>>> print(open('upload.cif').read())   # mmCIF, C-alpha atoms, pLDDT in the B column; chains and numbers go by the auth columns
data_final
loop_
_atom_site.group_PDB
_atom_site.id
_atom_site.type_symbol
_atom_site.label_atom_id
_atom_site.label_comp_id
_atom_site.label_asym_id
_atom_site.label_seq_id
_atom_site.Cartn_x
_atom_site.Cartn_y
_atom_site.Cartn_z
_atom_site.B_iso_or_equiv
_atom_site.auth_seq_id
_atom_site.auth_asym_id
ATOM 1 C CA GLN A 1 13.653 -21.357 10.513 83.00 3 A
ATOM 2 C CA LEU A 2 11.476 -24.473 10.493 87.00 4 A
ATOM 3 C CA GLN A 3 13.496 -27.622 10.132 92.00 5 A
ATOM 4 C CA LEU A 4 14.047 -31.229 11.137 95.00 6 A
ATOM 5 C CA VAL A 5 17.531 -32.560 11.713 95.00 7 A
ATOM 6 C CA GLU A 6 18.321 -36.267 11.964 96.00 8 A
ATOM 7 C CA SER A 7 21.359 -37.660 13.719 97.00 9 A
ATOM 8 C CA GLY A 8 22.647 -40.923 15.107 97.00 10 A
ATOM 9 C CA GLY A 9 23.366 -42.833 11.931 97.00 11 A
ATOM 10 C CA GLY A 10 26.577 -44.733 11.344 97.00 12 A
ATOM 11 C CA LEU A 11 28.172 -48.092 10.714 98.00 13 A
ATOM 12 C CA VAL A 12 27.065 -51.009 12.873 98.00 14 A
ATOM 13 C CA GLN A 13 27.566 -54.748 12.724 98.00 15 A
ATOM 14 C CA PRO A 14 24.649 -57.103 12.074 98.00 16 A
ATOM 15 C CA GLY A 15 22.755 -57.682 15.289 98.00 17 A
ATOM 16 C CA GLY A 16 23.754 -54.307 16.661 98.00 18 A
ATOM 17 C CA SER A 17 21.690 -51.292 17.639 98.00 19 A
ATOM 18 C CA LEU A 18 21.447 -47.629 16.791 98.00 20 A
ATOM 19 C CA ARG A 19 19.211 -44.837 17.968 98.00 21 A
ATOM 20 C CA LEU A 20 18.317 -42.160 15.478 98.00 22 A
ATOM 21 C CA SER A 21 17.151 -38.731 16.611 98.00 23 A
ATOM 22 C CA CYS A 22 14.952 -36.262 14.800 97.00 24 A
ATOM 23 C CA ALA A 23 15.100 -32.808 16.360 96.00 25 A
ATOM 24 C CA ALA A 24 12.749 -30.033 15.365 94.00 26 A
ATOM 25 C CA SER A 25 13.399 -26.315 15.443 92.00 27 A
ATOM 26 C CA GLY A 26 10.922 -23.542 14.818 91.00 28 A
ATOM 27 C CA PHE A 27 7.862 -25.643 15.624 90.00 29 A
ATOM 28 C CA THR A 28 6.568 -28.027 18.280 91.00 30 A
ATOM 29 C CA LEU A 29 6.702 -31.678 17.335 90.00 31 A
ATOM 30 C CA ASP A 30 4.048 -32.950 19.719 86.00 32 A
ATOM 31 C CA TYR A 31 1.350 -31.401 17.527 89.00 33 A
ATOM 32 C CA TYR A 32 2.594 -33.385 14.549 93.00 34 A
ATOM 33 C CA SER A 33 2.483 -36.943 13.366 95.00 35 A
ATOM 34 C CA ILE A 34 5.959 -38.276 12.646 96.00 36 A
ATOM 35 C CA GLY A 35 7.103 -40.772 10.085 96.00 37 A
ATOM 36 C CA TRP A 36 10.480 -42.374 9.609 97.00 38 A
ATOM 37 C CA PHE A 37 11.297 -43.327 6.015 98.00 39 A
ATOM 38 C CA ARG A 38 14.294 -45.001 4.500 98.00 40 A
ATOM 39 C CA GLN A 39 15.758 -45.322 1.038 98.00 41 A
ATOM 40 C CA ALA A 40 18.325 -47.907 0.080 97.00 42 A
ATOM 41 C CA PRO A 41 20.443 -47.600 -3.076 92.00 43 A
ATOM 42 C CA GLY A 42 18.435 -48.547 -6.136 94.00 44 A
ATOM 43 C CA LYS A 43 15.210 -48.901 -4.163 96.00 45 A
ATOM 44 C CA GLU A 44 12.169 -46.753 -3.603 96.00 46 A
ATOM 45 C CA ARG A 45 11.744 -44.798 -0.431 97.00 47 A
ATOM 46 C CA GLU A 46 9.550 -46.614 2.087 96.00 48 A
ATOM 47 C CA VAL A 47 7.927 -45.781 5.380 96.00 49 A
ATOM 48 C CA VAL A 48 9.461 -47.640 8.302 97.00 50 A
ATOM 49 C CA THR A 49 7.365 -46.441 11.189 96.00 51 A
ATOM 50 C CA PHE A 50 4.860 -43.742 12.059 94.00 52 A
ATOM 51 C CA ILE A 51 3.412 -42.252 15.191 94.00 53 A
ATOM 52 C CA SER A 52 0.367 -40.005 15.198 92.00 54 A
ATOM 53 C CA SER A 53 0.089 -36.710 17.029 89.00 55 A
ATOM 54 C CA SER A 54 -0.679 -37.253 20.715 81.00 56 A
ATOM 55 C CA ASP A 55 0.675 -40.797 20.224 79.00 57 A
ATOM 56 C CA VAL A 56 -2.808 -42.182 19.575 80.00 58 A
ATOM 57 C CA SER A 57 -1.627 -44.701 17.020 86.00 59 A
ATOM 58 C CA ALA A 58 1.558 -46.153 15.600 90.00 60 A
ATOM 59 C CA TYR A 59 2.511 -48.165 12.539 93.00 61 A
ATOM 60 C CA TYR A 60 5.500 -50.380 11.835 96.00 62 A
ATOM 61 C CA ALA A 61 6.449 -51.952 8.534 96.00 63 A
ATOM 62 C CA ASP A 62 6.466 -55.747 8.733 97.00 64 A
ATOM 63 C CA SER A 63 10.183 -55.762 8.036 97.00 65 A
ATOM 64 C CA VAL A 64 10.957 -53.894 11.283 97.00 66 A
ATOM 65 C CA LYS A 65 8.223 -55.052 13.670 97.00 67 A
ATOM 66 C CA GLY A 66 9.651 -56.207 16.952 97.00 68 A
ATOM 67 C CA ARG A 67 13.036 -54.618 16.196 98.00 69 A
ATOM 68 C CA PHE A 68 12.365 -50.886 15.789 98.00 70 A
ATOM 69 C CA THR A 69 10.589 -48.539 18.198 97.00 71 A
ATOM 70 C CA ILE A 70 9.495 -44.958 17.648 95.00 72 A
ATOM 71 C CA SER A 71 9.159 -42.614 20.616 94.00 73 A
ATOM 72 C CA ARG A 72 8.980 -38.940 21.521 92.00 74 A
ATOM 73 C CA ASP A 73 10.543 -36.675 24.084 92.00 75 A
ATOM 74 C CA ASN A 74 8.372 -33.579 24.007 89.00 76 A
ATOM 75 C CA ALA A 75 10.602 -31.741 26.462 93.00 77 A
ATOM 76 C CA LYS A 76 13.443 -32.043 23.950 95.00 78 A
ATOM 77 C CA ASN A 77 11.190 -31.575 20.920 95.00 79 A
ATOM 78 C CA THR A 78 12.729 -34.736 19.521 96.00 80 A
ATOM 79 C CA VAL A 79 11.524 -38.038 18.114 95.00 81 A
ATOM 80 C CA TYR A 80 13.636 -41.168 18.289 97.00 82 A
ATOM 81 C CA LEU A 81 13.932 -44.359 16.289 98.00 83 A
ATOM 82 C CA GLN A 82 15.469 -47.156 18.326 98.00 84 A
ATOM 83 C CA MET A 83 16.748 -49.855 15.993 98.00 85 A
ATOM 84 C CA ASN A 84 17.757 -53.221 17.425 98.00 86 A
ATOM 85 C CA SER A 85 18.842 -56.495 15.858 98.00 87 A
ATOM 86 C CA LEU A 86 19.936 -54.639 12.763 98.00 88 A
ATOM 87 C CA LYS A 87 20.320 -56.531 9.510 98.00 89 A
ATOM 88 C CA PRO A 88 22.295 -55.704 6.362 97.00 90 A
ATOM 89 C CA GLU A 89 18.998 -55.072 4.579 97.00 91 A
ATOM 90 C CA ASP A 90 18.345 -52.189 6.979 98.00 92 A
ATOM 91 C CA THR A 91 21.158 -50.286 5.281 98.00 93 A
ATOM 92 C CA ALA A 92 19.692 -47.061 3.908 98.00 94 A
ATOM 93 C CA VAL A 93 19.432 -43.322 4.339 98.00 95 A
ATOM 94 C CA TYR A 94 16.847 -42.687 7.043 98.00 96 A
ATOM 95 C CA TYR A 95 14.635 -39.623 7.005 98.00 97 A
ATOM 96 C CA CYS A 96 12.136 -38.236 9.468 97.00 98 A
ATOM 97 C CA ALA A 97 9.104 -36.270 8.390 97.00 99 A
ATOM 98 C CA ALA A 98 6.457 -34.314 10.293 96.00 100 A
ATOM 99 C CA GLY A 99 2.870 -33.791 9.211 95.00 101 A
ATOM 100 C CA GLU A 100 -0.144 -32.097 10.711 92.00 102 A
ATOM 101 C CA GLY A 101 -3.783 -33.057 10.451 86.00 103 A
ATOM 102 C CA PRO A 102 -5.839 -36.181 9.758 85.00 104 A
ATOM 103 C CA THR A 103 -4.730 -36.736 6.161 85.00 105 A
ATOM 104 C CA VAL A 104 -1.184 -37.701 7.043 86.00 106 A
ATOM 105 C CA GLN A 105 -2.530 -40.073 9.694 85.00 107 A
ATOM 106 C CA ALA A 106 -4.581 -41.831 7.035 84.00 108 A
ATOM 107 C CA MET A 107 -1.771 -41.786 4.471 87.00 109 A
ATOM 108 C CA CYS A 108 1.324 -42.142 6.634 89.00 110 A
ATOM 109 C CA ASP A 109 3.233 -43.971 3.898 90.00 111 A
ATOM 110 C CA ILE A 110 2.992 -41.063 1.447 90.00 112 A
ATOM 111 C CA TRP A 111 6.063 -38.830 1.600 91.00 113 A
ATOM 112 C CA ASP A 112 4.322 -35.810 0.091 91.00 114 A
ATOM 113 C CA GLU A 113 1.579 -35.820 2.731 92.00 115 A
ATOM 114 C CA TYR A 114 4.056 -34.516 5.292 95.00 116 A
ATOM 115 C CA ASP A 115 4.884 -30.868 5.854 93.00 117 A
ATOM 116 C CA TYR A 116 8.529 -30.982 6.946 95.00 118 A
ATOM 117 C CA TRP A 117 11.366 -33.363 6.098 96.00 119 A
ATOM 118 C CA GLY A 118 14.846 -33.887 7.415 96.00 120 A
ATOM 119 C CA GLN A 119 17.996 -34.202 5.338 96.00 121 A
ATOM 120 C CA GLY A 120 18.578 -37.843 6.171 97.00 122 A
ATOM 121 C CA THR A 121 21.181 -39.844 8.051 97.00 123 A
ATOM 122 C CA GLN A 122 23.066 -42.854 6.686 98.00 124 A
ATOM 123 C CA VAL A 123 22.747 -46.215 8.419 98.00 125 A
ATOM 124 C CA THR A 124 25.070 -48.972 7.259 98.00 126 A
ATOM 125 C CA VAL A 125 24.810 -52.487 8.658 98.00 127 A
ATOM 126 C CA SER A 126 27.838 -54.524 7.714 97.00 128 A
ATOM 127 C CA SER A 127 30.462 -56.788 9.201 96.00 129 A
#
>>> encode(input="upload.cif", output="structure tokens")
Amino acid sequence: QLQLVESGGGLVQPGGSLRLSCAASGFTLDYYSIGWFRQAPGKEREVVTFISSSDVSAYYADSVKGRFTISRDNAKNTVYLQMNSLKPEDTAVYYCAAGEGPTVQAMCDIWDEYDYWGQGTQVTVSS
């Protein structure tokens, strides 16, 4: 069964950190570009960060630059999202998505351009 599973979400105080994991089963992540999206209540889903296959390029939304970092561990077939200096406006359900080929690299902010999606993990930033 081909799937992505996110974990690592939770409740954290403003200024705190969390590391989200996105583990793949049934396929090898290092051949795929990976995007992390988030959706807050009442808001549209948005791309947070993206890393291309072979880690050639990366993208970060302006709202998370300097605070969030995307990385891979190919041995564990897992992608991570390290989130530091968290703010209440980072509160959302976070999803990872995997896509293959050049189209997703050119359109990394388009949810439907990906091939696999996780179920999401809740991140709540509150005091």
>>> resolve_selection(input="upload.cif", expression="the PyMOL selection byres ((chain A and resi 94-106) around 6)", output="NGL selection string")
:A and (34-42 or 93 or 107-110 or 115-120 or 122-125)
>>> resolve_selection(input="upload.cif", expression="the PyMOL selection byres ((chain A and resi 80-92) around 7)", output="list of chain:residue names")
A:Pro16, A:Gly17, A:Gly18, A:Ser19, A:Leu20, A:Arg21, A:Leu22, A:Ser23, A:Cys24, A:Ala25, A:Ala26, A:Arg69, A:Phe70, A:Thr71, A:Ile72, A:Ser73, A:Arg74, A:Asp75, A:Asn76, A:Lys78, A:Asn79, A:Thr93, A:Ala94, A:Val127, A:Ser128
>>> atom_distance(input="upload.cif", atom1="CA of Trp113 in chain A", atom2="CA of Lys45 in chain A")
14.8 Å
>>> resolve_selection(input="upload.cif", expression="the PyMOL selection byres ((chain A and resi 28) around 6)", output="PyMOL selection string")
chain A and resi 3-4+27+29
>>> closest_residue(input="upload.cif", among="A:Val50, A:Ala77, A:Ile112, A:Ser9", to="Asp64 in chain A", atoms="all atoms listed in the file")
A:Val50
>>> axis_aligned_box(input="upload.cif", around="range 108-114 of chain A", padding_each_side="3 Å", output="JSON")
{"center_x": 0.7, "center_y": -39.9, "center_z": 3.6, "size_x": 16.6, "size_y": 14.2, "size_z": 12.9}
>>> atom_distance(input="upload.cif", atom1="CA of Leu13 in chain A", atom2="CA of Ser129 in chain A")
9.1 Å
>>> decode(input="upload.cif", residues="range 38-73 of chain A", atoms="N, CA and C atoms", output="mmCIF file, in the first residue's frame")
data_model
loop_
_atom_site.group_PDB
_atom_site.id
_atom_site.type_symbol
_atom_site.label_atom_id
_atom_site.label_comp_id
_atom_site.auth_asym_id
_atom_site.auth_seq_id
_atom_site.Cartn_x
_atom_site.Cartn_y
_atom_site.Cartn_z
ATOM 1 N N TRP A 38 5.254 20.495 1.850
ATOM 2 C CA TRP A 38 4.485 20.564 3.098
ATOM 3 C C TRP A 38 3.456 21.678 2.914
ATOM 4 N N PHE A 39 2.203 21.362 3.158
ATOM 5 C CA PHE A 39 1.101 22.310 3.091
ATOM 6 C C PHE A 39 0.506 22.468 4.491
ATOM 7 N N ARG A 40 -0.255 23.513 4.647
ATOM 8 C CA ARG A 40 -1.011 23.665 5.880
ATOM 9 C C ARG A 40 -2.356 24.322 5.586
ATOM 10 N N GLN A 41 -3.314 24.036 6.443
ATOM 11 C CA GLN A 41 -4.628 24.643 6.312
ATOM 12 C C GLN A 41 -5.143 25.002 7.694
ATOM 13 N N ALA A 42 -5.343 26.285 7.894
ATOM 14 C CA ALA A 42 -5.898 26.782 9.141
ATOM 15 C C ALA A 42 -7.417 26.877 9.005
ATOM 16 N N PRO A 43 -8.129 26.851 10.126
ATOM 17 C CA PRO A 43 -9.593 26.946 10.070
ATOM 18 C C PRO A 43 -10.045 28.195 9.330
ATOM 19 N N GLY A 44 -10.952 28.011 8.381
ATOM 20 C CA GLY A 44 -11.488 29.137 7.642
ATOM 21 C C GLY A 44 -10.573 29.706 6.581
ATOM 22 N N LYS A 45 -9.430 29.085 6.376
ATOM 23 C CA LYS A 45 -8.473 29.593 5.379
ATOM 24 C C LYS A 45 -8.198 28.538 4.322
ATOM 25 N N GLU A 46 -7.679 29.005 3.189
ATOM 26 C CA GLU A 46 -7.314 28.078 2.134
ATOM 27 C C GLU A 46 -6.013 27.352 2.477
ATOM 28 N N ARG A 47 -5.893 26.182 1.913
ATOM 29 C CA ARG A 47 -4.654 25.435 2.079
ATOM 30 C C ARG A 47 -3.520 26.158 1.341
ATOM 31 N N GLU A 48 -2.350 26.185 1.951
ATOM 32 C CA GLU A 48 -1.214 26.879 1.347
ATOM 33 C C GLU A 48 0.039 26.030 1.455
ATOM 34 N N VAL A 49 0.924 26.208 0.499
ATOM 35 C CA VAL A 49 2.203 25.505 0.570
ATOM 36 C C VAL A 49 3.115 26.248 1.529
ATOM 37 N N VAL A 50 3.784 25.514 2.367
ATOM 38 C CA VAL A 50 4.701 26.075 3.360
ATOM 39 C C VAL A 50 6.137 25.976 2.867
ATOM 40 N N THR A 51 6.489 24.793 2.406
ATOM 41 C CA THR A 51 7.842 24.576 1.927
ATOM 42 C C THR A 51 7.845 23.414 0.946
ATOM 43 N N PHE A 52 8.882 23.346 0.154
ATOM 44 C CA PHE A 52 8.986 22.344 -0.905
ATOM 45 C C PHE A 52 10.452 22.031 -1.116
ATOM 46 N N ILE A 53 10.717 20.749 -1.386
ATOM 47 C CA ILE A 53 12.064 20.365 -1.765
ATOM 48 C C ILE A 53 11.954 19.446 -2.970
ATOM 49 N N SER A 54 12.787 19.705 -3.974
ATOM 50 C CA SER A 54 12.701 18.917 -5.202
ATOM 51 C C SER A 54 13.400 17.572 -5.017
ATOM 52 N N SER A 55 13.114 16.655 -5.922
ATOM 53 C CA SER A 55 13.816 15.375 -5.907
ATOM 54 C C SER A 55 15.312 15.636 -6.068
ATOM 55 N N SER A 56 16.102 14.834 -5.424
ATOM 56 C CA SER A 56 17.564 14.990 -5.384
ATOM 57 C C SER A 56 17.981 16.286 -4.699
ATOM 58 N N ASP A 57 17.051 16.955 -4.043
ATOM 59 C CA ASP A 57 17.341 18.150 -3.239
ATOM 60 C C ASP A 57 18.010 19.254 -4.057
ATOM 61 N N VAL A 58 17.652 19.356 -5.330
ATOM 62 C CA VAL A 58 18.258 20.376 -6.185
ATOM 63 C C VAL A 58 17.796 21.765 -5.800
ATOM 64 N N SER A 59 16.538 21.887 -5.434
ATOM 65 C CA SER A 59 16.007 23.207 -5.097
ATOM 66 C C SER A 59 15.022 23.102 -3.957
ATOM 67 N N ALA A 60 14.813 24.223 -3.289
ATOM 68 C CA ALA A 60 13.872 24.288 -2.175
ATOM 69 C C ALA A 60 13.147 25.623 -2.234
ATOM 70 N N TYR A 61 11.965 25.629 -1.653
ATOM 71 C CA TYR A 61 11.138 26.839 -1.591
ATOM 72 C C TYR A 61 10.567 26.953 -0.182
ATOM 73 N N TYR A 62 10.514 28.197 0.298
ATOM 74 C CA TYR A 62 9.877 28.469 1.586
ATOM 75 C C TYR A 62 8.934 29.654 1.407
ATOM 76 N N ALA A 63 7.745 29.542 1.945
ATOM 77 C CA ALA A 63 6.838 30.680 1.967
ATOM 78 C C ALA A 63 7.458 31.787 2.805
ATOM 79 N N ASP A 64 7.186 33.028 2.438
ATOM 80 C CA ASP A 64 7.770 34.163 3.168
ATOM 81 C C ASP A 64 7.438 34.109 4.652
ATOM 82 N N SER A 65 6.272 33.596 4.961
ATOM 83 C CA SER A 65 5.820 33.581 6.355
ATOM 84 C C SER A 65 6.634 32.639 7.242
ATOM 85 N N VAL A 66 7.397 31.716 6.634
ATOM 86 C CA VAL A 66 8.141 30.740 7.440
ATOM 87 C C VAL A 66 9.646 30.796 7.193
ATOM 88 N N LYS A 67 10.087 31.633 6.284
ATOM 89 C CA LYS A 67 11.521 31.722 5.982
ATOM 90 C C LYS A 67 12.315 32.060 7.224
ATOM 91 N N GLY A 68 13.392 31.331 7.420
ATOM 92 C CA GLY A 68 14.244 31.554 8.570
ATOM 93 C C GLY A 68 13.776 30.840 9.831
ATOM 94 N N ARG A 69 12.575 30.272 9.784
ATOM 95 C CA ARG A 69 12.038 29.563 10.962
ATOM 96 C C ARG A 69 11.825 28.076 10.692
ATOM 97 N N PHE A 70 11.456 27.729 9.478
ATOM 98 C CA PHE A 70 11.161 26.338 9.125
ATOM 99 C C PHE A 70 12.264 25.798 8.214
ATOM 100 N N THR A 71 12.536 24.498 8.359
ATOM 101 C CA THR A 71 13.523 23.836 7.503
ATOM 102 C C THR A 71 13.004 22.473 7.089
ATOM 103 N N ILE A 72 13.076 22.195 5.806
ATOM 104 C CA ILE A 72 12.694 20.885 5.285
ATOM 105 C C ILE A 72 13.961 20.071 5.037
ATOM 106 N N SER A 73 13.893 18.782 5.342
ATOM 107 C CA SER A 73 15.058 17.917 5.137
ATOM 108 C C SER A 73 14.592 16.489 4.899
#
